[in-house]
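J.: Next comes coords.txt, compact mmCIF, C-alpha atoms and all ligand atoms:
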# COMPACT_ATOMS: atom_id res chain seq x y z
CA MET A 1 47.95 82.14 94.88
CA PRO A 2 48.52 78.79 93.18
CA ASN A 3 45.83 77.54 90.90
CA LEU A 4 45.41 73.81 91.31
CA LYS A 5 42.83 73.58 88.56
CA ASN A 6 45.59 74.42 86.18
CA PRO A 7 48.62 72.91 87.86
CA SER A 8 52.08 73.74 86.73
CA PRO A 9 54.09 70.68 85.70
CA PRO A 10 55.49 68.78 88.67
CA ALA A 11 58.36 70.66 90.24
CA ASP A 12 61.43 68.75 89.23
CA GLY A 13 61.33 65.70 91.47
CA TYR A 14 60.40 67.42 94.72
CA ARG A 15 60.99 65.05 97.65
CA GLY A 16 60.18 66.20 101.15
CA ARG A 17 60.04 64.39 104.44
CA PHE A 18 58.88 64.43 108.02
CA ALA A 19 61.40 63.00 110.46
CA PRO A 20 59.98 62.76 113.97
CA SER A 21 61.89 61.32 116.90
CA PRO A 22 59.66 58.80 118.67
CA THR A 23 60.11 60.37 122.09
CA GLY A 24 56.35 60.61 122.52
CA PRO A 25 53.18 61.15 120.49
CA LEU A 26 52.90 64.13 118.14
CA HIS A 27 52.21 67.35 120.01
CA ALA A 28 51.07 70.74 118.74
CA GLY A 29 54.62 71.66 117.70
CA SER A 30 55.44 68.48 115.82
CA LEU A 31 52.07 68.60 114.05
CA VAL A 32 53.01 72.04 112.70
CA ALA A 33 56.19 70.52 111.23
CA ALA A 34 54.26 67.57 109.82
CA LEU A 35 51.55 69.75 108.28
CA GLY A 36 53.93 72.41 106.94
CA SER A 37 56.19 69.87 105.26
CA TRP A 38 53.21 67.93 103.90
CA LEU A 39 51.55 71.05 102.43
CA ASP A 40 54.76 72.27 100.86
CA ALA A 41 55.31 68.85 99.25
CA ARG A 42 51.73 68.48 98.04
CA GLN A 43 51.52 71.98 96.63
CA ASN A 44 54.64 71.22 94.62
CA GLN A 45 53.27 67.87 93.45
CA GLY A 46 56.10 66.33 95.42
CA GLU A 47 56.58 63.19 97.42
CA TRP A 48 56.51 63.20 101.19
CA LEU A 49 58.48 60.58 103.08
CA LEU A 50 58.22 59.53 106.69
CA ARG A 51 61.37 58.71 108.61
CA ILE A 52 61.41 57.68 112.25
CA GLU A 53 64.55 59.05 113.89
CA ASP A 54 64.97 56.48 116.62
CA LEU A 55 68.75 56.36 117.09
CA ASP A 56 68.86 57.97 120.51
CA THR A 57 67.40 54.91 122.19
CA PRO A 58 67.59 56.26 125.74
CA ARG A 59 65.13 58.99 124.70
CA CYS A 60 62.81 56.86 122.55
CA ILE A 61 59.55 55.56 123.96
CA PRO A 62 58.48 52.10 122.86
CA GLY A 63 55.34 52.30 120.75
CA ALA A 64 55.60 56.05 120.13
CA ASP A 65 56.49 55.41 116.48
CA GLN A 66 53.28 53.46 115.89
CA GLU A 67 51.30 56.14 117.70
CA ILE A 68 52.82 58.82 115.43
CA LEU A 69 51.88 56.79 112.34
CA ARG A 70 48.30 56.46 113.65
CA GLN A 71 48.08 60.20 114.38
CA LEU A 72 49.32 61.13 110.90
CA ILE A 73 46.79 58.78 109.32
CA ALA A 74 44.02 60.24 111.48
CA CYS A 75 45.01 63.71 110.24
CA GLY A 76 44.98 62.59 106.61
CA LEU A 77 48.72 63.28 106.23
CA SER A 78 49.53 60.37 103.95
CA TRP A 79 53.09 59.49 103.02
CA ASP A 80 54.70 58.04 99.92
CA GLU A 81 57.03 55.03 100.04
CA GLU A 82 57.54 52.78 103.05
CA PRO A 83 58.47 54.66 106.21
CA THR A 84 62.05 54.13 107.36
CA TRP A 85 63.52 53.65 110.83
CA GLN A 86 67.02 54.98 111.43
CA SER A 87 67.75 52.17 113.88
CA LYS A 88 67.71 49.79 110.91
CA ARG A 89 70.20 51.85 108.90
CA GLN A 90 73.23 51.84 111.21
CA GLU A 91 75.43 50.26 108.56
CA ARG A 92 75.07 53.36 106.36
CA TYR A 93 76.12 55.74 109.11
CA LYS A 94 79.10 53.55 109.84
CA ARG A 95 80.14 53.66 106.19
CA ALA A 96 79.89 57.46 106.18
CA LEU A 97 82.07 57.64 109.27
CA GLU A 98 84.61 55.34 107.58
CA ARG A 99 84.71 57.64 104.56
CA LEU A 100 85.39 60.63 106.80
CA ASN A 101 88.15 58.62 108.48
CA ARG A 102 89.78 58.06 105.12
CA LEU A 103 89.58 61.81 104.53
CA GLN A 104 91.44 62.28 107.84
CA ILE A 105 88.84 64.58 109.31
CA VAL A 106 87.56 62.60 112.28
CA TYR A 107 89.25 61.91 115.60
CA PRO A 108 88.38 60.21 118.88
CA CYS A 109 87.46 62.29 121.91
CA THR A 110 87.44 61.11 125.49
CA CYS A 111 86.24 64.34 127.10
CA SER A 112 83.31 64.32 129.46
CA ARG A 113 80.85 67.20 129.58
CA GLN A 114 82.42 68.21 132.86
CA SER A 115 85.97 68.24 131.49
CA ILE A 116 84.84 70.35 128.53
CA ALA A 117 83.13 72.74 130.93
CA ASN A 118 86.32 72.93 133.03
CA THR A 119 88.52 73.62 130.01
CA LEU A 120 86.20 76.35 128.82
CA GLU A 121 86.07 77.88 132.28
CA ALA A 122 89.86 77.87 132.55
CA ARG A 123 89.93 79.76 129.25
CA GLY A 124 87.38 82.25 130.52
CA VAL A 125 84.76 81.16 128.00
CA ILE A 126 81.22 81.56 129.26
CA THR A 127 78.49 79.47 127.66
CA PRO A 128 75.10 81.19 127.83
CA ARG A 129 72.37 79.08 129.37
CA ASN A 130 70.41 76.99 126.87
CA GLN A 131 73.39 77.01 124.54
CA GLU A 132 75.66 74.10 123.72
CA MET A 133 79.28 74.32 124.75
CA VAL A 134 81.71 75.07 121.95
CA TYR A 135 84.17 72.15 121.91
CA PRO A 136 87.63 73.56 122.75
CA GLY A 137 89.50 71.01 120.60
CA THR A 138 91.18 69.28 123.55
CA CYS A 139 91.55 65.86 121.87
CA ARG A 140 92.26 67.07 118.35
CA PRO A 141 95.61 65.77 117.08
CA GLN A 142 97.97 68.18 115.32
CA GLU A 143 97.79 65.98 112.27
CA ILE A 144 94.83 63.70 111.95
CA PRO A 145 95.80 60.26 110.65
CA THR A 146 93.61 57.71 108.94
CA TYR A 147 92.86 55.18 111.64
CA ASN A 148 93.69 52.03 109.73
CA ASP A 149 91.86 49.63 111.97
CA GLU A 150 88.32 50.81 111.33
CA SER A 151 86.96 48.85 114.26
CA VAL A 152 88.27 51.68 116.49
CA LEU A 153 85.47 53.81 115.07
CA LEU A 154 83.14 51.67 117.11
CA ASP A 155 85.16 51.80 120.34
CA GLY A 156 83.68 53.36 123.45
CA VAL A 157 84.88 56.86 122.63
CA ALA A 158 83.21 59.73 120.86
CA TRP A 159 84.25 60.61 117.31
CA ARG A 160 84.31 64.25 116.27
CA LEU A 161 84.51 65.97 112.91
CA ALA A 162 87.52 68.26 112.55
CA LEU A 163 86.42 71.60 111.10
CA PRO A 164 88.71 73.49 108.75
CA PRO A 165 89.70 76.94 110.02
CA GLY A 166 87.57 79.95 109.16
CA LEU A 167 84.51 78.00 108.17
CA SER A 168 81.61 80.40 107.76
CA LEU A 169 78.56 78.88 106.14
CA HIS A 170 75.91 80.85 104.34
CA PHE A 171 72.59 79.59 103.11
CA GLU A 172 69.21 80.89 102.10
CA ASP A 173 66.19 79.70 104.05
CA LEU A 174 63.05 79.68 101.90
CA ALA A 175 61.08 81.38 104.68
CA LEU A 176 63.67 83.19 106.79
CA GLY A 177 66.04 84.41 104.08
CA LYS A 178 69.80 84.69 104.40
CA GLN A 179 71.42 82.77 107.25
CA SER A 180 75.01 82.29 108.26
CA GLN A 181 77.00 80.59 110.97
CA ASP A 182 80.66 80.61 111.92
CA LEU A 183 81.01 76.95 112.83
CA ASN A 184 84.35 77.21 114.62
CA ARG A 185 83.23 80.05 116.83
CA GLU A 186 79.67 78.89 117.48
CA VAL A 187 79.89 75.10 117.48
CA GLY A 188 83.41 73.66 117.30
CA ASP A 189 84.32 70.15 116.19
CA PHE A 190 81.07 68.27 116.69
CA VAL A 191 80.31 64.67 117.55
CA LEU A 192 79.32 62.15 114.86
CA ARG A 193 79.26 59.08 117.03
CA ARG A 194 78.76 59.23 120.75
CA ARG A 195 80.69 57.42 123.41
CA ASP A 196 77.67 55.19 124.06
CA GLY A 197 77.75 54.06 120.42
CA VAL A 198 74.88 56.20 119.14
CA PHE A 199 75.40 57.86 115.75
CA THR A 200 74.37 61.47 116.19
CA TYR A 201 71.42 63.22 114.62
CA GLN A 202 73.77 65.39 112.51
CA LEU A 203 75.41 62.44 110.78
CA ALA A 204 72.31 60.29 110.39
CA VAL A 205 70.06 63.04 109.07
CA VAL A 206 72.61 64.07 106.45
CA VAL A 207 73.17 60.50 105.26
CA ASP A 208 69.44 59.76 105.09
CA ASP A 209 68.42 63.02 103.44
CA ALA A 210 71.04 62.41 100.76
CA GLU A 211 70.36 58.71 100.23
CA GLN A 212 66.62 59.30 100.07
CA GLY A 213 67.09 62.08 97.55
CA ILE A 214 65.38 64.70 99.71
CA THR A 215 65.21 68.03 97.88
CA HIS A 216 63.28 70.10 100.44
CA ILE A 217 63.65 70.03 104.20
CA VAL A 218 60.74 71.74 105.94
CA ARG A 219 60.98 71.57 109.74
CA GLY A 220 60.72 73.57 112.95
CA ALA A 221 62.91 76.60 113.54
CA ASP A 222 64.38 74.89 116.61
CA LEU A 223 66.52 72.99 114.10
CA LEU A 224 67.75 76.09 112.22
CA ASN A 225 70.90 76.14 114.30
CA ASN A 226 71.84 72.63 113.06
CA THR A 227 71.60 73.49 109.39
CA ALA A 228 75.11 74.88 108.89
CA ARG A 229 76.60 71.74 110.46
CA GLN A 230 74.53 69.61 108.12
CA ILE A 231 75.51 71.61 105.05
CA HIS A 232 79.17 71.27 105.97
CA LEU A 233 78.75 67.51 106.38
CA GLN A 234 77.03 67.36 102.99
CA ASP A 235 80.01 69.18 101.51
CA VAL A 236 82.62 66.85 102.94
CA LEU A 237 80.61 63.73 102.06
CA GLY A 238 80.08 65.00 98.51
CA TYR A 239 76.30 65.27 98.77
CA SER A 240 74.27 68.09 97.30
CA THR A 241 72.52 70.50 99.64
CA PRO A 242 68.71 70.46 99.69
CA ASN A 243 66.49 73.51 100.10
CA TYR A 244 65.65 74.48 103.67
CA LEU A 245 62.53 76.06 105.11
CA HIS A 246 62.17 76.51 108.85
CA LEU A 247 58.72 76.90 110.36
CA PRO A 248 57.78 79.10 113.32
CA LEU A 249 57.89 77.33 116.66
CA VAL A 250 54.91 76.72 118.86
CA LEU A 251 55.68 78.18 122.27
CA ASP A 252 54.01 77.38 125.55
CA GLU A 253 52.63 80.03 127.90
CA HIS A 254 56.13 80.60 129.32
CA GLY A 255 57.49 81.33 125.86
CA GLU A 256 59.33 78.02 125.73
CA LYS A 257 59.34 75.59 122.86
CA LEU A 258 56.94 72.69 123.24
CA SER A 259 58.70 69.41 123.71
CA LYS A 260 58.63 66.28 125.79
CA GLN A 261 60.84 68.08 128.29
CA THR A 262 58.21 70.77 128.84
CA LEU A 263 55.59 68.01 129.06
CA ALA A 264 53.80 69.00 125.88
CA SER A 265 50.75 66.79 125.67
CA GLY A 266 49.92 64.76 122.60
CA ILE A 267 47.38 66.02 120.09
CA GLN A 268 43.89 64.49 120.23
CA THR A 269 43.06 62.42 117.17
CA GLU A 270 40.57 59.84 118.44
CA ASN A 271 37.97 60.97 115.93
CA ALA A 272 37.92 63.01 112.74
CA GLN A 273 36.48 66.05 114.45
CA GLN A 274 39.30 66.19 116.98
CA ALA A 275 41.92 65.62 114.28
CA LEU A 276 40.48 68.45 112.19
CA GLN A 277 40.49 70.69 115.25
CA GLU A 278 44.22 70.00 115.74
CA LEU A 279 44.91 70.60 112.04
CA ARG A 280 43.11 73.94 112.22
CA LYS A 281 45.24 75.05 115.14
CA ALA A 282 48.41 74.00 113.33
CA ALA A 283 47.31 75.83 110.17
CA GLY A 284 46.54 78.97 112.16
CA HIS A 285 50.07 78.81 113.46
CA LEU A 286 51.38 78.57 109.90
CA GLY A 287 49.49 81.74 109.02
CA LEU A 288 46.83 80.04 106.90
CA ARG A 289 43.57 81.97 107.00
CA ASP A 290 40.08 81.54 105.56
CA LEU A 291 40.10 77.76 105.41
CA PRO A 292 36.76 75.92 105.42
CA ASP A 293 35.52 76.15 109.00
CA GLY A 294 32.22 74.30 108.68
CA LYS A 295 31.31 71.62 111.17
CA ASP A 296 30.82 69.12 108.34
CA THR A 297 34.03 69.82 106.48
CA SER A 298 35.90 66.60 105.80
CA ILE A 299 39.60 66.34 106.48
CA ALA A 300 40.30 65.61 102.81
CA GLU A 301 38.38 68.69 101.73
CA TRP A 302 40.09 70.84 104.33
CA LEU A 303 43.57 69.56 103.36
CA LEU A 304 42.92 70.35 99.71
CA ALA A 305 41.94 73.91 100.61
CA ALA A 306 44.98 74.21 102.86
CA THR A 307 47.24 72.96 100.06
CA GLN A 308 45.86 75.65 97.76
CA ALA A 309 46.26 78.33 100.41
CA TRP A 310 49.78 77.32 101.44
CA ASN A 311 52.23 80.15 100.95
CA ARG A 312 55.84 80.07 102.10
CA LYS A 313 55.89 83.84 102.36
CA ILE A 314 53.13 84.17 104.94
CA ILE A 315 54.86 82.07 107.53
CA SER A 316 57.91 84.28 107.69
CA SER A 317 55.90 87.44 108.27
N1 LIG A 401 64.14 64.12 114.42
C1 LIG A 401 64.23 65.54 114.57
C2 LIG A 401 63.25 66.04 115.61
O1 LIG A 401 62.23 65.38 115.82
C3 LIG A 401 63.90 66.30 113.31
C4 LIG A 401 64.87 66.08 112.26
C5 LIG A 401 64.74 67.00 111.06
O2 LIG A 401 63.62 67.34 110.65
O3 LIG A 401 65.78 67.36 110.52
O4 LIG A 401 63.48 67.05 116.21
ZN ZN A 402 87.92 65.50 123.78
Go ahead and express the file in the form of structure tokens.
Ligand code: GLU
Ligand code: ZN

T.:
Amino acid sequence: MPNLKNPSPPADGYRGRFAPSPTGPLHAGSLVAALGSWLDARQNQGEWLLRIEDLDTPRCIPGADQEILRQLIACGLSWDEEPTWQSKRQERYKRALERLNRLQIVYPCTCSRQSIANTLEARGVITPRNQEMVYPGTCRPQEIPTYNDESVLLDGVAWRLALPPGLSLHFEDLALGKQSQDLNREVGDFVLRRRDGVFTYQLAVVVDDAEQGITHIVRGADLLNNTARQIHLQDVLGYSTPNYLHLPLVLDEHGEKLSKQTLASGIQTENAQQALQELRKAAGHLGLRDLPDGKDTSIAEWLLAATQAWNRKIISS
């Protein structure tokens, strides 16, 4: 149990973040990610940054970003530094894609979902439901050139990252322990920029985490499956790999992850009492027990107790 009265010196430059997509207000699941990442940062005397991941404009809801900011404030989850919006950082993602082009590891892809599905079917590959299709490499050139005219990177085609053969990635999750993924077998060459011009989550998150000097990524376990891709991208872009900690998911009564798609409703934060109620539920989900449960407990007081009680080990058990 950490002793905050006698704090250890600040962990060397801990920088964490919360990176919600503004596809709706915070719901029970996203509050768990916000609270878990905030507690881990605060317990380590670290900074906690807020980044709005609003690149996938078709899925973003106008005003949801401001609502998320309001909800975080209502819950006392304060951030350090100005929040950032990915939509304002397109130039950086473009530069990263240009670097990968010079390394000759990206290529254009004109496949539709249907044509990928057909190719896989013809090869007798069955994709389990709820799983992404493994790209069969249809458009990958034998030898990938550097595309000299970099404006083609912005043409109306998708750009994929060419994986080297036999790429198995291993990493240690701070809560879940050893993880590994065979990227060729489980994912295939993945998209960095979509046909509709949107830079993908994988590229943008890696560029931002590196440029913002993030040392600890604490987020929901629904993103665990993306981590190997992100570590590989960090490797090819010459970035260091941060620590990862994936939090248990909040499931609905059908055992499905809460999300906009399953119509998860927003948390209630109109007044302090409601906000505290939501925080208590989120903390229960993170395995935190024996926190102040009085009616008159203030959010600040409760958050301090939660910071002291936070323990990475509990959440994995
Ligand atoms: N924007 C992503 C989401 O809301 C989270 C990104 C991350 O934490 O890596 O699902
Ligand atoms: Zn293709």

J.: Phe199 in chain A: which residues within 8 Å, counting only C-alpha atoms, same-chain residues fewer than 4 positions away excluded, as a list in words?

T.: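 Listing them by chain and then by number gives Leu55, Gln90, Tyr93, Leu192, Arg193, Arg194, Leu203 and Ala204 of chain A.
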
J.: Give me, as a tab-separated table, each residue of chain A that comes within 6 Å of ligand ZN 402 (chain A), together with its shortest interatomic pair and the distance in Å at one decimal, counting all atoms listed in the file, with rows ordered by chain and rising residue number.

T.:
residue	atom	partner	partner_atom	distance
A:Cys109	CA	A:ZN402	ZN	3.7
A:Thr110	CA	A:ZN402	ZN	4.7
A:Cys111	CA	A:ZN402	ZN	3.9
A:Thr138	CA	A:ZN402	ZN	5.0
A:Cys139	CA	A:ZN402	ZN	4.1

J.: Show which residues sit within 9 Å of Arg312 in chain A, as a PyMOL selection string. Count all atoms listed in the file, and ignore same-chain residues fewer than 6 positions away.

T.: chain A and resi 40+174-175+245

J.: If you measure from CA of Val205 in chain A to CA of Arg92 in chain A, what distance in Å do you get, rounded to one decimal?

T.: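 Distance reported for this atom pair: 11.2 Å.
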
J.: Can you build me a table of chain A residues sitting at most 10 Å from ligand LIG 401 (chain A), with the closest atom pair per residue and its distance in Å to one decimal, using all atoms listed in the file, sorted by chain and residue number, as a tab-separated table?

T.:
residue	atom	partner	partner_atom	distance
A:Arg17	CA	A:LIG401	O2	7.8
A:Phe18	CA	A:LIG401	O2	6.2
A:Ala19	CA	A:LIG401	O2	4.9
A:Pro20	CA	A:LIG401	O1	3.9
A:Ser21	CA	A:LIG401	O1	4.2
A:Pro22	CA	A:LIG401	O1	7.6
A:Thr23	CA	A:LIG401	O1	8.3
A:Leu26	CA	A:LIG401	O1	9.7
A:Ser30	CA	A:LIG401	O1	7.5
A:Ala33	CA	A:LIG401	O2	8.1
A:Ala34	CA	A:LIG401	O2	9.4
A:Ser37	CA	A:LIG401	O2	9.5
A:Arg51	CA	A:LIG401	N1	8.4
A:Ile52	CA	A:LIG401	N1	7.3
A:Glu53	CA	A:LIG401	N1	5.1
A:Asp54	CA	A:LIG401	N1	8.0
A:Leu55	CA	A:LIG401	N1	9.4
A:Asp56	CA	A:LIG401	N1	9.9
A:Tyr201	CA	A:LIG401	N1	7.3
A:Gln202	CA	A:LIG401	O3	8.5
A:Ala204	CA	A:LIG401	C4	9.6
A:Val205	CA	A:LIG401	O3	6.3
A:Val206	CA	A:LIG401	O3	8.6
A:Asp209	CA	A:LIG401	O3	8.7
A:Ile217	CA	A:LIG401	O2	7.0
A:Val218	CA	A:LIG401	O2	7.1
A:Arg219	CA	A:LIG401	O2	5.1
A:Gly220	CA	A:LIG401	O2	7.2
A:Ala221	CA	A:LIG401	O2	9.7
A:Asp222	CA	A:LIG401	O4	7.9
A:Leu223	CA	A:LIG401	O3	6.7
A:Leu224	CA	A:LIG401	O3	9.1
A:Asn226	CA	A:LIG401	O3	8.4
A:Thr227	CA	A:LIG401	O3	8.5
A:Gln230	CA	A:LIG401	O3	9.3
A:Tyr244	CA	A:LIG401	O3	9.9
A:His246	CA	A:LIG401	O2	9.5
A:Ser259	CA	A:LIG401	O4	9.2

J.: Near Arg70 in chain A, counting all atoms listed in the file, which residues have an atom at most 12 Å away, once you skip same-chain residues fewer than 4 positions from it, shown as a list in words?

T.: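 Contacts, with the query itself left out: Pro25, Leu26, Gly63, Ala64, Asp65, Gln66, Ala74, Cys75, Gly76, Leu77, Ser78, Ile267, Gln268, Thr269, Glu270, Asn271 and Ala275 of chain A.
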
J.: State, in Å with one decimal place, the distance from CA of Arg15 in chain A to CA of Val250 in chain A.

T.: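 Separation of CA of Arg15 in chain A and CA of Val250 in chain A: 25.0 Å.
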
J.: Near Arg113 in chain A, within 12 Å and counting all atoms listed in the file, which residues show up once chain neighbours fewer than 6 positions away are dropped, as a ChimeraX atom specification?

T.: /A:119-120,132-136,158,195

J.: Which one of A:Ala306, A:Ala282, A:Ile299, A:Ile314 sits closest to Ala28 in chain A if you count all atoms listed in the file?

T.: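 Closest to Ala28 in chain A, using all atoms listed in the file: A:Ala282.
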
J.: Select, counting all atoms listed in the file, all protein, DNA and RNA residues no farther than 10 Å from (77.8, 76.9, 105.6) in file coordinates, and express the selection as a list in words.

T.: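 Residues close enough to count: Leu167, Ser168, Leu169, His170, Phe171, Gln179, Ser180, Gln181, Asp182, Leu183, Thr227, Ala228, Arg229, Gln230, Ile231, His232, Leu233, Gln234 and Asp235 of chain A.
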
J.: Which of these, A:Ser298, A:Gln45, A:Gln142, A:Thr200, has the shortest distance to Ala162 in chain A once you count all atoms listed in the file?

T.: A:Gln142

J.: Need the shell around Ala283 in chain A: protein/DNA/RNA residues with any atom at most 12 Å away, counting only C-alpha atoms. Skip same-chain ones fewer than 2 positions apart. Format as JSON, numbers by chain?

T.: {"A": [28, 29, 31, 32, 33, 34, 35, 36, 37, 38, 39, 247, 248, 250, 276, 277, 278, 279, 280, 281, 285, 286, 287, 288, 289, 290, 291, 292, 293, 302, 303, 305, 306, 307, 309, 310, 311, 314, 315]}

J.: Would you compute the distance between CA of Arg59 in chain A and CA of Gly266 in chain A? Give it in Å to one decimal.

T.: 16.4 Å

J.: Show me the residues close to (91.9, 51.8, 115.6) - anything with an atom within 12 Å, counting all atoms listed in the file - and format the list as a ChimeraX atom specification.

T.: /A:98,101,107-108,145-157,159

J.: I need the residues from that last selection saved to file as a CSV table (one decimal), in the coordinates of the input (with C-alpha atoms), if you can.

T.:
chain,number,residue,atom,x,y,z
A,98,GLU,CA,84.6,55.3,107.6
A,101,ASN,CA,88.2,58.6,108.5
A,107,TYR,CA,89.2,61.9,115.6
A,108,PRO,CA,88.4,60.2,118.9
A,145,PRO,CA,95.8,60.3,110.6
A,146,THR,CA,93.6,57.7,108.9
A,147,TYR,CA,92.9,55.2,111.6
A,148,ASN,CA,93.7,52.0,109.7
A,149,ASP,CA,91.9,49.6,112.0
A,150,GLU,CA,88.3,50.8,111.3
A,151,SER,CA,87.0,48.8,114.3
A,152,VAL,CA,88.3,51.7,116.5
A,153,LEU,CA,85.5,53.8,115.1
A,154,LEU,CA,83.1,51.7,117.1
A,155,ASP,CA,85.2,51.8,120.3
A,156,GLY,CA,83.7,53.4,123.4
A,157,VAL,CA,84.9,56.9,122.6
A,159,TRP,CA,84.2,60.6,117.3
